[in-house]
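Comments concern the structure below.
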Protein chains: 2
Amino acid sequence: MVNSKPTSRQRILAAAAAVASEAGASNLSLDAVAQRAGVSKGGLLYNFPTKAKLLQGLVQNHIDEFEISLAAATGAGNGASLLGAYLRSCVRECASDDTPPSGVLAALAEDPDMLEPVKLHKRRMLDRLAAETSNPSRMLRSFLIVEGLRSQTLLDIDVLTDEERGLVLATLMAEAEWADSAVMENAATT
Amino acid sequence: MVNSKPTSRQRILAAAAAVASEAGASNLSLDAVAQRAGVSKGGLLYNFPTKAKLLQGLVQNHIDEFEISLAAATGAGNGASLLGAYLRSCVRECASDDTPPSGVLAALAEDPDMLEPVKLHKRRMLDRLAAETSNPSRMLRSFLIVEGLRSQTLLDIDVLTDEERGLVLATLMAEAEWADSAVMENAATT
DNA sequence: TTAACTGTACCGTCTGGACGGTAATGTCAA
DNA sequence: TTGACATTACCGTCCAGACGGTACAGTTAA
C-alpha cells in the first residue's frame, strides 16, 4: 500500500483530482481522467472498476493524507496533545496553497452518501479530541473554526484577506499551545 | 419579486432544490426539474433559458433568503448590533431542520465560478461586520464557527451530537449578546 | 392581442462501462 | 531447464442511453 514509485493507481487518483478541479466537480469524466493519467480507459477501469470506486478512492485518499499529516504532527511535537497536533496540522494545511481537494467535491456531487467515510472520520476525530480535553466547548469552537476555514478552500470561496487569515491562524496556534499545556498539567497531577 | 402566490419561477426553483438534494448535486436534469415542478420542459426553459441560468437562480435565491432572515433579525432586536443579528439568524438557521441548500451544491458542481455571488456576499458581510466590531479577531472567530456549522449542513455531514451543537449555539448566542452590548457601549461614548 | 405557458418531436453530443484483445510476468510440474 | 498455463496490468473499440437544448404548433387567462 505504500509507494516507492508512483503506481498507476496513484497517478490516476492524482489525475482525477486535477481534472475535477479544472473541469468542475460534476464534469469528471473517465475519459478525461484516463487521458490525464496517461492511461487507457481500459487501464483506468482495471484499477477502478466503476466510477463510484474511483470517487471512493479519491475520498479515502483525502482522509489518508490528512491522517498522515496528523501523525507527523503528533510525532514531531513531543509530549504534544492531540488537539495541539490537530490544530497545527490544520494551520499548516490552510497556510499552504496546494490544490483544494476537488476530488471530494466530485464524490459529493455524484452521490452525497459518498462522504460517509469523511463524516465517520470527523466524528471519530471529535471523539478522540473530546476524550483528551478539559474544556469541550473551547475545543469544539476550535474544531469548528477549522471546519469553517476548510470549507472555504473546499468550495473555493476564499473570503478572508491575508491579514484576517493570519489573525485566525495565530489564535489557532495559541489554542494549540494552550491544549498542550493543559494536557501536561493534567499529566502532572495524575 | 415578492410572492403572494407561488409563481412558476418559484416552484421551479423549489423543485430544482428538491431534485438536487434527492438525486445528488450533479444529477440535476432539466427533465427531472420540470416534472417535479409540474411544468413542461418548454415552460421550464421559458423561465430559465439555460441550465446555467437556473443554477444561478438557485444561488441567488439562497443569498436572498438569508438576507431576508438577517433583515428580520436586525429589525426584531431593537438596538441590536449587526453581528448580533447575524449570529442569531445563523443560530436559528442551524437549529431548524429545513432542507440543506442542495441547489448551491449543484451550482458548485457544475461550475465552481457559479459561487462567485456567494463569495461576494460573504465578503461584503464580513466588511459590514468588521466596520462595526471593536474586536476583529473575536468577530472573525464567530464568523468562522458559523461557516463551520454551515459547511456541515451544506455537505450533509452533521458530525455533532445534539449536546455539542447545543453547546456551540449557546456560546454563539452569548457572543451575540456581547456584540450588542459592545455596540451600545460604543454608542454611549460617542 | 399578448404573455405565459403546454406538448411533442427531435438532434448532436457526451459518458459509463462492457468487451475482447495482448504483452509481460510469474508459477509449477515434468 | 523448460514448456504450459495463470495472473496481472493494461489497450482500444463500441454502444445504449441520458442530457441539454431547439423548434414549433397549440392553448388559455388577462
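By order of appearance in the C-alpha cells: chains A, B, ..., then residues from 1 within every chain, and ligands from 1 in the order shown.
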Quick check: residues of chain B within 10 Å of chain D, only C-alpha atoms (C1' of nucleotides), returned as a ChimeraX atom specification. /B:29-31,45,49-51
Write a file of the selected residues as a PDB file, in the first residue's frame, keeping all heavy atoms.
ATOM      1  N   SER B  29     -31.177  17.061 -13.597  1.00  0.00           N
ATOM      2  CA  SER B  29     -31.501  17.180 -15.024  1.00  0.00           C
ATOM      3  C   SER B  29     -32.725  18.067 -15.205  1.00  0.00           C
ATOM      4  O   SER B  29     -33.613  18.106 -14.353  1.00  0.00           O
ATOM      5  CB  SER B  29     -31.763  15.811 -15.625  1.00  0.00           C
ATOM      6  OG  SER B  29     -32.977  15.291 -15.158  1.00  0.00           O
ATOM      7  N   LEU B  30     -32.734  18.752 -16.300  1.00  0.00           N
ATOM      8  CA  LEU B  30     -33.837  19.675 -16.573  1.00  0.00           C
ATOM      9  C   LEU B  30     -35.161  18.932 -16.633  1.00  0.00           C
ATOM     10  O   LEU B  30     -36.181  19.407 -16.137  1.00  0.00           O
ATOM     11  CB  LEU B  30     -33.577  20.422 -17.878  1.00  0.00           C
ATOM     12  CG  LEU B  30     -32.347  21.335 -17.859  1.00  0.00           C
ATOM     13  CD1 LEU B  30     -32.281  22.160 -19.122  1.00  0.00           C
ATOM     14  CD2 LEU B  30     -32.347  22.226 -16.639  1.00  0.00           C
ATOM     15  N   ASP B  31     -35.138  17.772 -17.236  1.00  0.00           N
ATOM     16  CA  ASP B  31     -36.369  16.982 -17.317  1.00  0.00           C
ATOM     17  C   ASP B  31     -36.929  16.696 -15.925  1.00  0.00           C
ATOM     18  O   ASP B  31     -38.123  16.853 -15.681  1.00  0.00           O
ATOM     19  CB  ASP B  31     -36.107  15.671 -18.050  1.00  0.00           C
ATOM     20  CG  ASP B  31     -35.827  15.896 -19.527  1.00  0.00           C
ATOM     21  OD1 ASP B  31     -36.732  16.349 -20.229  1.00  0.00           O
ATOM     22  OD2 ASP B  31     -34.695  15.647 -19.954  1.00  0.00           O
ATOM     23  N   LEU B  45     -37.884  26.019 -19.653  1.00  0.00           N
ATOM     24  CA  LEU B  45     -36.904  26.756 -20.449  1.00  0.00           C
ATOM     25  C   LEU B  45     -37.397  28.155 -20.806  1.00  0.00           C
ATOM     26  O   LEU B  45     -36.618  29.007 -21.238  1.00  0.00           O
ATOM     27  CB  LEU B  45     -36.555  25.962 -21.718  1.00  0.00           C
ATOM     28  CG  LEU B  45     -35.683  24.746 -21.421  1.00  0.00           C
ATOM     29  CD1 LEU B  45     -35.637  23.795 -22.596  1.00  0.00           C
ATOM     30  CD2 LEU B  45     -34.280  25.185 -21.038  1.00  0.00           C
ATOM     31  N   PRO B  49     -33.758  30.065 -19.518  1.00  0.00           N
ATOM     32  CA  PRO B  49     -33.380  29.688 -20.886  1.00  0.00           C
ATOM     33  C   PRO B  49     -32.279  28.635 -20.955  1.00  0.00           C
ATOM     34  O   PRO B  49     -32.186  27.905 -21.925  1.00  0.00           O
ATOM     35  CB  PRO B  49     -32.897  30.994 -21.498  1.00  0.00           C
ATOM     36  CG  PRO B  49     -33.435  32.070 -20.622  1.00  0.00           C
ATOM     37  CD  PRO B  49     -33.578  31.479 -19.255  1.00  0.00           C
ATOM     38  N   THR B  50     -31.429  28.597 -19.944  1.00  0.00           N
ATOM     39  CA  THR B  50     -30.362  27.597 -19.928  1.00  0.00           C
ATOM     40  C   THR B  50     -30.243  27.020 -18.520  1.00  0.00           C
ATOM     41  O   THR B  50     -30.739  27.590 -17.552  1.00  0.00           O
ATOM     42  CB  THR B  50     -28.990  28.186 -20.293  1.00  0.00           C
ATOM     43  OG1 THR B  50     -28.590  29.082 -19.263  1.00  0.00           O
ATOM     44  CG2 THR B  50     -29.032  28.916 -21.616  1.00  0.00           C
ATOM     45  N   LYS B  51     -29.559  25.926 -18.453  1.00  0.00           N
ATOM     46  CA  LYS B  51     -29.346  25.309 -17.149  1.00  0.00           C
ATOM     47  C   LYS B  51     -28.523  26.225 -16.244  1.00  0.00           C
ATOM     48  O   LYS B  51     -28.774  26.324 -15.043  1.00  0.00           O
ATOM     49  CB  LYS B  51     -28.621  23.971 -17.334  1.00  0.00           C
ATOM     50  CG  LYS B  51     -28.585  23.140 -16.076  1.00  0.00           C
ATOM     51  CD  LYS B  51     -27.859  21.825 -16.285  1.00  0.00           C
ATOM     52  CE  LYS B  51     -27.981  20.963 -15.040  1.00  0.00           C
ATOM     53  NZ  LYS B  51     -27.266  19.683 -15.183  1.00  0.00           N
TER      54      LYS B  51
END
Show me a table, sorted first by chain and then by increasing residue number, of the residues of chain B having an atom at most 9 Å from chain A, each with its shortest atom pair and the distance in Å to one decimal, counting only C-alpha atoms and written as a tab-separated table.
residue	atom	partner	partner_atom	distance
B:Ser21	CA	A:Pro112	CA	8.4
B:Ala23	CA	A:Asp111	CA	7.6
B:Gly24	CA	A:Asp111	CA	5.1
B:Ala25	CA	A:Ala109	CA	4.7
B:Ser26	CA	A:Ala109	CA	5.0
B:Asn27	CA	A:Glu110	CA	6.9
B:Leu105	CA	A:Ala109	CA	7.3
B:Ala106	CA	A:Ala109	CA	7.1
B:Leu108	CA	A:Leu155	CA	7.6
B:Ala109	CA	A:Ala25	CA	4.7
B:Glu110	CA	A:Ser26	CA	5.5
B:Asp111	CA	A:Gly24	CA	5.2
B:Pro112	CA	A:Gly24	CA	6.1
B:Asp113	CA	A:Asp156	CA	8.7
B:Leu115	CA	A:Ile157	CA	7.5
B:Glu116	CA	A:Ile157	CA	7.6
B:Val118	CA	A:Ile157	CA	8.0
B:Lys119	CA	A:Ile157	CA	5.5
B:Leu120	CA	A:Val159	CA	7.9
B:Lys122	CA	A:Val159	CA	6.8
B:Arg123	CA	A:Val159	CA	5.5
B:Leu126	CA	A:Val159	CA	8.4
B:Pro136	CA	A:Glu164	CA	8.5
B:Ser137	CA	A:Leu167	CA	6.4
B:Leu140	CA	A:Val168	CA	7.2
B:Arg141	CA	A:Ile145	CA	6.6
B:Ser142	CA	A:Ile145	CA	8.1
B:Phe143	CA	A:Gly148	CA	8.4
B:Leu144	CA	A:Gly148	CA	4.9
B:Ile145	CA	A:Ile145	CA	4.7
B:Val146	CA	A:Gly148	CA	7.2
B:Glu147	CA	A:Gly148	CA	4.6
B:Gly148	CA	A:Gly148	CA	3.7
B:Leu149	CA	A:Leu144	CA	6.8
B:Arg150	CA	A:Gly148	CA	8.1
B:Ser151	CA	A:Ser151	CA	6.0
B:Gln152	CA	A:Glu147	CA	8.3
B:Leu155	CA	A:Pro112	CA	7.6
B:Asp156	CA	A:Pro112	CA	7.3
B:Ile157	CA	A:Lys119	CA	5.5
B:Asp158	CA	A:Lys119	CA	7.4
B:Val159	CA	A:Arg123	CA	5.5
B:Leu160	CA	A:Arg123	CA	7.4
B:Glu164	CA	A:Leu140	CA	7.6
B:Leu167	CA	A:Ser137	CA	6.4
B:Val168	CA	A:Ser137	CA	6.8
B:Thr171	CA	A:Ser137	CA	8.3
Would you give me, as a VMD selection string, the residues in range 41-190 of chain B that DSSP reads as alpha helix (DSSP H)? chain B and resid 41 to 47 51 to 76 82 to 95 102 to 110 116 to 132 136 to 154 162 to 188
Return as a ChimeraX atom specification the residues belonging to chain C that are within 9 Å of chain B, counting only C-alpha atoms (C1' of nucleotides). /C:4-7
Residues from the last selection, all heavy atoms, saved as a PDB file, in the first residue's frame:
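What ended up in again.pdb:
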ATOM      1  P    DA C   4     -44.898  37.128 -19.172  1.00  0.00           P
ATOM      2  OP1  DA C   4     -44.750  37.735 -17.826  1.00  0.00           O
ATOM      3  OP2  DA C   4     -43.751  37.088 -20.103  1.00  0.00           O
ATOM      4  O5'  DA C   4     -45.465  35.652 -18.975  1.00  0.00           O
ATOM      5  C5'  DA C   4     -46.682  35.469 -18.270  1.00  0.00           C
ATOM      6  C4'  DA C   4     -47.147  34.039 -18.451  1.00  0.00           C
ATOM      7  O4'  DA C   4     -47.610  33.858 -19.811  1.00  0.00           O
ATOM      8  C3'  DA C   4     -46.017  33.007 -18.241  1.00  0.00           C
ATOM      9  O3'  DA C   4     -46.500  31.951 -17.419  1.00  0.00           O
ATOM     10  C2'  DA C   4     -45.738  32.515 -19.658  1.00  0.00           C
ATOM     11  C1'  DA C   4     -47.137  32.611 -20.266  1.00  0.00           C
ATOM     12  N9   DA C   4     -47.156  32.593 -21.719  1.00  0.00           N
ATOM     13  C8   DA C   4     -46.270  33.167 -22.595  1.00  0.00           C
ATOM     14  N7   DA C   4     -46.550  32.955 -23.859  1.00  0.00           N
ATOM     15  C5   DA C   4     -47.700  32.180 -23.822  1.00  0.00           C
ATOM     16  C6   DA C   4     -48.499  31.617 -24.835  1.00  0.00           C
ATOM     17  N6   DA C   4     -48.248  31.760 -26.128  1.00  0.00           N
ATOM     18  N1   DA C   4     -49.583  30.904 -24.450  1.00  0.00           N
ATOM     19  C2   DA C   4     -49.840  30.772 -23.135  1.00  0.00           C
ATOM     20  N3   DA C   4     -49.153  31.249 -22.087  1.00  0.00           N
ATOM     21  C4   DA C   4     -48.091  31.948 -22.509  1.00  0.00           C
ATOM     22  P    DC C   5     -45.446  31.044 -16.675  1.00  0.00           P
ATOM     23  OP1  DC C   5     -46.201  30.004 -15.919  1.00  0.00           O
ATOM     24  OP2  DC C   5     -44.498  31.921 -15.970  1.00  0.00           O
ATOM     25  O5'  DC C   5     -44.656  30.351 -17.888  1.00  0.00           O
ATOM     26  C5'  DC C   5     -44.763  28.948 -18.118  1.00  0.00           C
ATOM     27  C4'  DC C   5     -46.084  28.599 -18.802  1.00  0.00           C
ATOM     28  O4'  DC C   5     -46.210  29.369 -20.011  1.00  0.00           O
ATOM     29  C3'  DC C   5     -46.142  27.155 -19.266  1.00  0.00           C
ATOM     30  O3'  DC C   5     -46.685  26.337 -18.236  1.00  0.00           O
ATOM     31  C2'  DC C   5     -47.084  27.206 -20.468  1.00  0.00           C
ATOM     32  C1'  DC C   5     -47.078  28.678 -20.889  1.00  0.00           C
ATOM     33  N1   DC C   5     -46.604  28.923 -22.289  1.00  0.00           N
ATOM     34  C2   DC C   5     -47.298  28.383 -23.376  1.00  0.00           C
ATOM     35  O2   DC C   5     -48.290  27.679 -23.184  1.00  0.00           O
ATOM     36  N3   DC C   5     -46.862  28.625 -24.645  1.00  0.00           N
ATOM     37  C4   DC C   5     -45.786  29.387 -24.834  1.00  0.00           C
ATOM     38  N4   DC C   5     -45.402  29.596 -26.094  1.00  0.00           N
ATOM     39  C5   DC C   5     -45.045  29.960 -23.751  1.00  0.00           C
ATOM     40  C6   DC C   5     -45.490  29.705 -22.511  1.00  0.00           C
ATOM     41  P    DT C   6     -46.310  24.816 -18.248  1.00  0.00           P
ATOM     42  OP1  DT C   6     -46.847  24.231 -16.997  1.00  0.00           O
ATOM     43  OP2  DT C   6     -44.886  24.733 -18.546  1.00  0.00           O
ATOM     44  O5'  DT C   6     -47.109  24.209 -19.477  1.00  0.00           O
ATOM     45  C5'  DT C   6     -48.524  24.155 -19.444  1.00  0.00           C
ATOM     46  C4'  DT C   6     -49.009  23.352 -20.634  1.00  0.00           C
ATOM     47  O4'  DT C   6     -48.654  24.055 -21.854  1.00  0.00           O
ATOM     48  C3'  DT C   6     -48.395  21.959 -20.745  1.00  0.00           C
ATOM     49  O3'  DT C   6     -49.426  21.016 -20.993  1.00  0.00           O
ATOM     50  C2'  DT C   6     -47.434  22.077 -21.905  1.00  0.00           C
ATOM     51  C1'  DT C   6     -48.072  23.149 -22.762  1.00  0.00           C
ATOM     52  N1   DT C   6     -47.110  23.916 -23.587  1.00  0.00           N
ATOM     53  C2   DT C   6     -47.180  23.804 -24.958  1.00  0.00           C
ATOM     54  O2   DT C   6     -47.984  23.100 -25.537  1.00  0.00           O
ATOM     55  N3   DT C   6     -46.238  24.564 -25.637  1.00  0.00           N
ATOM     56  C4   DT C   6     -45.283  25.397 -25.093  1.00  0.00           C
ATOM     57  O4   DT C   6     -44.509  26.021 -25.798  1.00  0.00           O
ATOM     58  C5   DT C   6     -45.274  25.451 -23.656  1.00  0.00           C
ATOM     59  C7   DT C   6     -44.285  26.308 -22.955  1.00  0.00           C
ATOM     60  C6   DT C   6     -46.167  24.721 -22.977  1.00  0.00           C
ATOM     61  P    DG C   7     -49.119  19.474 -20.704  1.00  0.00           P
ATOM     62  OP1  DG C   7     -50.395  18.854 -20.290  1.00  0.00           O
ATOM     63  OP2  DG C   7     -47.908  19.362 -19.861  1.00  0.00           O
ATOM     64  O5'  DG C   7     -48.738  18.916 -22.146  1.00  0.00           O
ATOM     65  C5'  DG C   7     -49.426  19.393 -23.283  1.00  0.00           C
ATOM     66  C4'  DG C   7     -48.873  18.702 -24.513  1.00  0.00           C
ATOM     67  O4'  DG C   7     -48.032  19.650 -25.226  1.00  0.00           O
ATOM     68  C3'  DG C   7     -47.997  17.481 -24.207  1.00  0.00           C
ATOM     69  O3'  DG C   7     -48.481  16.388 -24.961  1.00  0.00           O
ATOM     70  C2'  DG C   7     -46.574  17.909 -24.599  1.00  0.00           C
ATOM     71  C1'  DG C   7     -46.788  19.069 -25.551  1.00  0.00           C
ATOM     72  N9   DG C   7     -45.783  20.124 -25.433  1.00  0.00           N
ATOM     73  C8   DG C   7     -45.221  20.613 -24.264  1.00  0.00           C
ATOM     74  N7   DG C   7     -44.356  21.574 -24.457  1.00  0.00           N
ATOM     75  C5   DG C   7     -44.337  21.732 -25.843  1.00  0.00           C
ATOM     76  C6   DG C   7     -43.574  22.636 -26.647  1.00  0.00           C
ATOM     77  O6   DG C   7     -42.758  23.488 -26.299  1.00  0.00           O
ATOM     78  N1   DG C   7     -43.858  22.463 -28.012  1.00  0.00           N
ATOM     79  C2   DG C   7     -44.749  21.560 -28.520  1.00  0.00           C
ATOM     80  N2   DG C   7     -44.884  21.552 -29.837  1.00  0.00           N
ATOM     81  N3   DG C   7     -45.463  20.711 -27.784  1.00  0.00           N
ATOM     82  C4   DG C   7     -45.212  20.852 -26.457  1.00  0.00           C
TER      83       DG C   7
END
For Ala130 in chain B, which of B:Ala14, B:Ala32, B:Leu82, B:Val91 is the closest residue, counting only C-alpha atoms?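 Comparing B:Ala14, B:Ala32, B:Leu82, B:Val91 against Ala130 in chain B, the winner is B:Leu82.
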